[in-house]
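A.B. asks: Contents of protein-v5.tsv (TSV, C-alpha atoms):
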chain	number	residue	atom	x	y	z
A	1	MET	CA	2.48	30.36	17.78
A	2	LYS	CA	6.11	29.31	18.01
A	3	VAL	CA	5.12	26.07	19.69
A	4	LEU	CA	3.74	24.86	16.36
A	5	LYS	CA	7.12	25.31	14.71
A	6	LEU	CA	8.71	23.38	17.57
A	7	VAL	CA	6.23	20.52	17.32
A	8	GLY	CA	6.65	20.48	13.54
A	9	VAL	CA	10.45	20.24	13.82
A	10	LEU	CA	10.17	17.34	16.27
A	11	LEU	CA	7.53	15.61	14.15
A	12	ASP	CA	9.54	15.95	10.95
A	13	TYR	CA	11.96	13.31	9.66
A	14	PRO	CA	14.97	13.67	11.99
A	15	GLN	CA	17.77	14.95	9.76
A	16	ASP	CA	21.29	14.71	11.16
A	17	GLU	CA	21.33	18.50	11.63
A	18	LEU	CA	18.70	18.19	14.34
A	19	TRP	CA	21.32	17.08	16.87
A	20	SER	CA	23.37	20.24	16.36
A	21	HIS	CA	20.30	22.19	17.58
A	22	ARG	CA	19.95	20.05	20.70
A	23	ASP	CA	20.36	22.78	23.33
A	24	ALA	CA	18.09	25.23	21.50
A	25	LEU	CA	15.38	22.61	21.03
A	26	LEU	CA	15.41	21.55	24.67
A	27	GLN	CA	15.33	25.17	25.82
A	28	ALA	CA	12.41	25.85	23.47
A	29	CYS	CA	10.51	22.95	25.07
A	30	ILE	CA	11.03	24.51	28.49
A	31	GLU	CA	9.89	27.96	27.34
A	32	CYS	CA	7.02	26.92	25.05
A	33	ALA	CA	3.56	28.35	25.61
A	34	LEU	CA	1.87	25.13	26.68
A	35	PRO	CA	0.26	24.05	29.95
A	36	PRO	CA	2.98	22.72	32.31
A	37	ALA	CA	1.97	19.06	31.89
A	38	SER	CA	2.03	19.28	28.09
A	39	ALA	CA	5.30	21.21	28.09
A	40	HIS	CA	6.84	18.48	30.26
A	41	ARG	CA	5.63	15.76	27.89
A	42	LEU	CA	7.11	17.66	24.97
A	43	GLN	CA	10.42	18.03	26.79
A	44	VAL	CA	10.51	14.31	27.63
A	45	PHE	CA	9.86	13.44	23.98
A	46	ALA	CA	12.64	15.76	22.76
A	47	GLN	CA	15.13	14.45	25.30
A	48	ALA	CA	14.40	10.85	24.33
A	49	LEU	CA	14.65	11.64	20.63
A	50	LEU	CA	17.97	13.44	20.96
A	51	ALA	CA	19.34	10.65	23.15
A	52	LEU	CA	19.11	8.32	20.14
A	53	GLU	CA	21.75	8.04	17.46
A	54	PRO	CA	20.54	9.83	14.30
A	55	MET	CA	20.30	6.60	12.28
A	56	ALA	CA	18.25	4.90	14.99
A	57	ALA	CA	15.90	7.89	15.19
A	58	GLN	CA	15.52	7.94	11.41
A	59	GLU	CA	14.75	4.22	11.25
A	60	ARG	CA	12.15	4.66	14.00
A	61	TRP	CA	10.51	7.53	12.11
A	62	LEU	CA	10.42	5.60	8.84
A	63	GLY	CA	9.02	2.54	10.58
A	64	LEU	CA	6.07	4.60	11.82
A	65	PHE	CA	5.32	7.16	9.13
A	66	ASP	CA	6.63	5.56	5.96
A	67	ARG	CA	5.12	2.07	6.13
A	68	GLY	CA	1.58	2.03	4.83
A	69	ARG	CA	-0.78	4.96	4.45
A	70	ALA	CA	-2.53	4.93	7.82
A	71	MET	CA	0.23	6.97	9.50
A	72	SER	CA	1.01	9.24	6.57
A	73	LEU	CA	1.77	12.84	7.54
A	74	LEU	CA	0.35	13.99	4.19
A	75	LEU	CA	-3.03	15.34	5.27
A	76	PHE	CA	-4.73	15.04	1.90
A	77	GLU	CA	-3.94	11.32	1.90
A	78	HIS	CA	-6.56	11.05	4.65
A	79	ILE	CA	-8.99	13.60	3.20
A	80	HIS	CA	-8.95	12.93	-0.54
A	81	GLY	CA	-7.13	9.62	-0.91
A	82	GLU	CA	-6.45	9.03	-4.61
A	83	SER	CA	-9.34	11.16	-5.88
A	84	ARG	CA	-8.84	13.91	-8.44
A	85	ASP	CA	-9.80	16.48	-5.83
A	86	ARG	CA	-6.41	15.97	-4.20
A	87	GLY	CA	-4.53	17.67	-7.04
A	88	GLN	CA	-6.68	20.80	-6.93
A	89	ALA	CA	-6.46	20.88	-3.14
A	90	MET	CA	-2.64	20.86	-3.48
A	91	VAL	CA	-2.75	23.78	-5.91
A	92	ASP	CA	-5.07	25.75	-3.62
A	93	LEU	CA	-2.86	25.14	-0.60
A	94	ILE	CA	0.30	26.21	-2.43
A	95	GLU	CA	-1.45	29.44	-3.42
A	96	THR	CA	-2.51	30.01	0.19
A	97	TYR	CA	1.12	29.63	1.27
A	98	ARG	CA	2.26	32.12	-1.35
A	99	ARG	CA	-0.28	34.69	-0.23
A	100	GLY	CA	1.03	34.16	3.29
A	101	GLY	CA	4.64	34.70	2.20
A	102	LEU	CA	5.81	31.07	2.16
A	103	GLU	CA	7.40	29.78	-1.05
A	104	LEU	CA	7.92	26.03	-1.27
A	105	ASP	CA	10.85	24.10	-2.61
A	106	ALA	CA	9.87	22.14	-5.73
A	107	ARG	CA	10.22	18.85	-3.83
A	108	GLU	CA	7.97	19.83	-0.92
A	109	LEU	CA	4.41	18.57	-0.71
A	110	PRO	CA	2.16	21.31	0.71
A	111	ASP	CA	-0.02	19.02	2.82
A	112	TYR	CA	2.92	17.57	4.77
A	113	LEU	CA	1.92	18.17	8.40
A	114	PRO	CA	5.25	19.60	9.67
A	115	LEU	CA	5.17	22.07	6.77
A	116	VAL	CA	1.57	23.05	7.60
A	117	LEU	CA	2.69	23.68	11.18
A	118	GLU	CA	5.60	25.82	10.01
A	119	TYR	CA	3.20	27.97	8.00
A	120	LEU	CA	0.71	28.25	10.85
A	121	SER	CA	3.44	29.21	13.32
A	122	GLY	CA	3.47	32.66	11.74
A	123	ARG	CA	-0.29	33.13	11.47
A	124	PRO	CA	-2.76	34.78	13.92
A	125	GLU	CA	-4.03	32.55	16.71
A	126	ALA	CA	-7.63	32.56	15.48
A	127	GLU	CA	-6.49	31.33	12.08
A	128	VAL	CA	-4.34	28.64	13.69
A	129	VAL	CA	-7.23	27.32	15.77
A	130	ASP	CA	-9.47	27.34	12.69
A	131	TRP	CA	-7.00	25.35	10.57
A	132	LEU	CA	-6.21	22.86	13.30
A	133	GLY	CA	-9.90	22.45	14.03
A	134	HIS	CA	-10.46	21.35	10.43
A	135	VAL	CA	-7.83	18.61	10.66
A	136	ALA	CA	-8.26	17.70	14.33
A	137	GLN	CA	-10.03	14.42	13.55
A	138	ILE	CA	-7.20	13.35	11.27
A	139	VAL	CA	-4.52	14.29	13.78
A	140	ALA	CA	-6.45	12.59	16.59
A	141	LEU	CA	-6.74	9.37	14.59
A	142	LEU	CA	-3.02	9.52	13.84
A	143	ALA	CA	-2.45	9.99	17.57
A	144	GLY	CA	-4.62	6.97	18.32
A	145	ARG	CA	-2.80	4.84	15.79
A	146	ALA	CA	0.58	5.95	17.11
A	147	ALA	CA	-0.49	5.16	20.66
A	148	GLU	CA	-1.70	1.70	19.62
A	149	ARG	CA	1.72	1.12	18.07
A	150	GLU	CA	3.30	2.29	21.34
A	151	SER	CA	5.11	5.12	19.57
A	152	PRO	CA	6.28	8.17	21.52
A	153	TYR	CA	5.19	10.28	18.53
A	154	ALA	CA	1.67	9.95	19.89
A	155	THR	CA	2.66	12.69	22.36
A	156	LEU	CA	3.27	15.27	19.63
A	157	LEU	CA	0.02	14.45	17.85
A	158	GLU	CA	-1.98	14.60	21.08
A	159	ILE	CA	-0.50	18.02	21.86
A	160	LEU	CA	-1.63	19.26	18.44
A	161	VAL	CA	-5.16	18.09	19.20
A	162	GLU	CA	-5.03	19.99	22.49
A	163	ILE	CA	-3.87	23.16	20.72
A	164	SER	CA	-6.74	22.87	18.24
A	165	GLN	CA	-9.19	23.44	21.12
A	166	GLY	CA	-11.55	20.99	19.45
A	167	LYS	CA	-13.85	18.45	21.04
A	168	VAL	CA	-12.21	15.38	19.57
A	169	ASP	CA	-12.31	12.34	21.86
A	170	LEU	CA	-8.78	10.93	21.82
A	171	ALA	CA	-9.87	7.81	23.69
A	172	LEU	CA	-12.54	7.14	21.06
A	173	MET	CA	-10.00	7.58	18.27
A	174	ARG	CA	-7.65	5.15	19.96
A	175	ARG	CA	-10.43	2.56	20.20
A	176	LYS	CA	-11.14	3.11	16.51
A	177	ALA	CA	-7.46	2.60	15.73
A	178	ARG	CA	-7.43	-0.57	17.83
A	179	ASP	CA	-10.20	-2.05	15.68
A	180	GLU	CA	-8.48	-1.27	12.38
A	181	THR	CA	-6.54	-3.75	10.28
A	182	ARG	CA	-2.97	-2.47	10.25
A	183	ASP	CA	-1.43	-1.63	6.90
A	184	ASP	CA	2.22	-1.66	7.99
A	185	THR	CA	2.71	-5.41	8.26
A	186	PRO	CA	4.84	-7.19	5.62
A	187	GLU	CA	1.73	-8.96	4.34
A	188	ALA	CA	-0.23	-5.72	3.99
A	189	ILE	CA	2.66	-3.97	2.24
A	190	ASP	CA	3.01	-6.88	-0.19
A	191	ARG	CA	-0.69	-6.60	-1.05
A	192	VAL	CA	-0.30	-2.89	-1.79
A	193	TRP	CA	2.59	-3.59	-4.17
A	194	GLU	CA	0.54	-6.24	-5.93
A	195	GLU	CA	-2.41	-3.87	-6.35
A	196	GLU	CA	-0.40	-0.84	-7.52
A	197	ALA	CA	-1.32	0.32	-11.00
A	198	VAL	CA	1.28	-0.28	-13.71
A	199	ARG	CA	3.19	2.92	-14.51
A	200	PHE	CA	3.96	3.58	-18.16
A	201	GLY	CA	6.71	5.77	-19.57
A	202	VAL	CA	10.47	5.82	-19.62
A	203	GLU	CA	11.19	8.65	-17.23
A	204	PRO	CA	12.99	7.56	-14.06
A	205	PRO	CA	11.50	8.42	-10.66
A	206	GLN	CA	12.24	11.93	-9.47
A	207	ASP	CA	15.00	12.38	-6.91
A	208	GLY	CA	12.47	12.73	-4.16
A	209	CYS	CA	12.36	9.40	-2.39
A	210	SER	CA	13.53	10.74	0.95
A	211	PRO	CA	10.99	12.36	3.28
A	212	PRO	CA	10.24	16.08	2.80
A	213	ARG	CA	13.04	18.16	4.28
A	214	ARG	CA	12.43	21.05	6.70
A	215	LEU	CA	15.45	21.98	8.77
A	216	PRO	CA	14.91	23.56	12.20
A	217	ALA	CA	15.08	27.34	12.47
A	218	GLY	CA	14.52	29.67	15.20
A	219	ALA	CA	-6.01	27.02	0.59
A	220	HIS	CA	-7.06	26.07	3.90
A	221	PRO	CA	-7.36	22.30	4.35
A	222	HIS	CA	-10.86	21.28	3.29
A	223	GLU	CA	-13.00	20.03	6.15
A	224	SER	CA	-13.88	16.42	5.49
A	225	GLN	CA	-14.30	13.05	7.06
A	226	VAL	CA	-11.20	10.96	7.53
A	227	SER	CA	-10.70	8.41	4.80
A	228	PRO	CA	-10.54	4.83	6.07
When written as structure tokens, how does the structure in this file appear?

C.D. replies:
Amino acid sequence: MKVLKLVGVLLDYPQDELWSHRDALLQACIECALPPASAHRLQVFAQALLALEPMAAQERWLGLFDRGRAMSLLLFEHIHGESRDRGQAMVDLIETYRRGGLELDARELPDYLPLVLEYLSGRPEAEVVDWLGHVAQIVALLAGRAAERESPYATLLEILVEISQGKVDLALMRRKARDETRDDTPEAIDRVWEEEAVRFGVEPPQDGCSPPRRLPAGAHPHESQVSP
């Protein structure tokens, strides 16, 4: 399903190279295998994104997905949180990718949603629907949170829920998001820093502070309830 690769590229951190693929991306939106209304929404999103200057688009992305955990595109953040199960789930997912012919760069986290979509774009439709069905609640809650924050990225997440063919109530998820305490305010972020565990050791942080990088080109997530 090539549309998944397209949605993943648009959902990913907007690297400068994205603008050099402008014409191809817009044409792909026109030709994508989505219902006409959804295809139009996707095209409108892409046009608005590419109308921005790269730095403005990058700041917008970081402001939504990189402030607090509620909007994280790392799926296991919402499934496993900080539990030990998360590490094994990562290992299982990497092995699944390898069996499917996808080798990851050392810096890439396997549960990063745009990467999951890239993998699924080359898989049979039944497998795609199965995978997306398992994470539909997470994606729907992300869509609800994005909508409550008046972000256009809600469009991409809603389209993924539609592709999953699940019975997730997007309106219900938006109401749930509306009742949540946001974790992206300066006060909330300060509290997280204060509560972070002290890290011991002398090794500097790895050179991996920028978002995972997947440039545009032409173990199954465990079913679980969404972590609060």

A.B. asks: Write out as a tab-separated table (two decimals) with C-alpha atoms, in the frame of the given file which residues come within 9 Å of Arg174 of chain A when counting all atoms listed in the file, dropping same-chain ones fewer than 6 positions away.

C.D. replies:
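part_9.tsv was written with the following content:
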chain	number	residue	atom	x	y	z
A	140	ALA	CA	-6.45	12.59	16.59
A	141	LEU	CA	-6.74	9.37	14.59
A	142	LEU	CA	-3.02	9.52	13.84
A	143	ALA	CA	-2.45	9.99	17.57
A	144	GLY	CA	-4.62	6.97	18.32
A	145	ARG	CA	-2.80	4.84	15.79
A	146	ALA	CA	0.58	5.95	17.11
A	147	ALA	CA	-0.49	5.16	20.66
A	148	GLU	CA	-1.70	1.70	19.62

A.B. asks: Would you compute the distance between atom CA of Glu59 of chain A and atom CA of Glu150 of chain A? Give it in Å to one decimal.

C.D. replies: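 Between atom CA of Glu59 of chain A and atom CA of Glu150 of chain A the gap works out to 15.4 Å.
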
A.B. asks: Using all atoms listed in the file, I'd like a table of the residues in segment 16-114 of chain A that come within 12 Å of segment 123-133 of chain A; for each, show the closest atom pair and its distance in Å rounded to one decimal, ordered by chain and ascending number, as JSON lines.

C.D. replies:
{"residue": "A:Leu75", "atom": "CA", "partner": "A:Leu132", "partner_atom": "CA", "distance": 11.5}
{"residue": "A:Leu93", "atom": "CA", "partner": "A:Trp131", "partner_atom": "CA", "distance": 11.9}
{"residue": "A:Thr96", "atom": "CA", "partner": "A:Arg123", "partner_atom": "CA", "distance": 11.9}
{"residue": "A:Tyr97", "atom": "CA", "partner": "A:Arg123", "partner_atom": "CA", "distance": 10.9}
{"residue": "A:Arg99", "atom": "CA", "partner": "A:Arg123", "partner_atom": "CA", "distance": 11.8}
{"residue": "A:Gly100", "atom": "CA", "partner": "A:Arg123", "partner_atom": "CA", "distance": 8.3}
{"residue": "A:Gly101", "atom": "CA", "partner": "A:Arg123", "partner_atom": "CA", "distance": 10.6}
{"residue": "A:Leu102", "atom": "CA", "partner": "A:Arg123", "partner_atom": "CA", "distance": 11.3}
{"residue": "A:Leu113", "atom": "CA", "partner": "A:Leu132", "partner_atom": "CA", "distance": 10.6}

A.B. asks: Work out how far atom CA of Ser164 of chain A is from atom CA of Ile138 of chain A, in Å to one decimal.

C.D. replies: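 Computed distance, atom CA of Ile138 of chain A to atom CA of Ser164 of chain A, equals 11.8 Å.
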
A.B. asks: Which one is closest to Val116 of chain A: A:Arg60, A:Lys5, A:Lys176, A:Arg149? Count all atoms listed in the file.

C.D. replies: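 Under the stated criterion, the closest residue is A:Lys5.
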
A.B. asks: Using all atoms listed in the file, which of A:Arg178, A:Glu31, A:Ser38, A:Leu73 sits nearest Val161 of chain A?

C.D. replies: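 Nearest to Val161 of chain A: A:Ser38.
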
A.B. asks: Go through A:Gly63, A:Gly166, A:Pro152, A:Pro36 one by one, measure the shortest atom-to-atom distance of each to Ala48 of chain A using only C-alpha atoms, and give the residue with the smallest value.

C.D. replies: A:Pro152

A.B. asks: Kindly give the distance, in Å, that separates atom CA of Asp12 of chain A and atom CA of Pro114 of chain A, rounded to a single decimal.

C.D. replies: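 Between atom CA of Asp12 of chain A and atom CA of Pro114 of chain A the gap works out to 5.8 Å.
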
A.B. asks: Looking at A:Pro35, A:Arg67, A:Asp169, A:Pro110, which one is nearest to Gln88 of chain A, with distances taken over only C-alpha atoms?

C.D. replies: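 Of all the options, A:Pro110 lies closest to Gln88 of chain A.
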
A.B. asks: Adding 6 Å on each side of the box along x, y and z that holds all listed atoms of segment 151-155 of chain A, could you give its centre and edge lengths in Å to one decimal, as AutoDock Vina command-line options?

C.D. replies:
--center_x 4.0 --center_y 8.9 --center_z 20.4 --size_x 16.6 --size_y 19.6 --size_z 15.8

A.B. asks: Got a sec: who's within 8 Å of segment 49-57 of chain A, counting all atoms listed in the file, leaving out chain neighbours fewer than 5 positions off, as a JSON list (two decimals) with C-alpha atoms, in the frame of the given file?

C.D. replies:
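Saved file result_9.json follows:
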[["chain", "number", "residue", "atom", "x", "y", "z"],
["A", 14, "PRO", "CA", 14.97, 13.67, 11.99],
["A", 15, "GLN", "CA", 17.77, 14.95, 9.76],
["A", 16, "ASP", "CA", 21.29, 14.71, 11.16],
["A", 19, "TRP", "CA", 21.32, 17.08, 16.87],
["A", 22, "ARG", "CA", 19.95, 20.05, 20.70]]
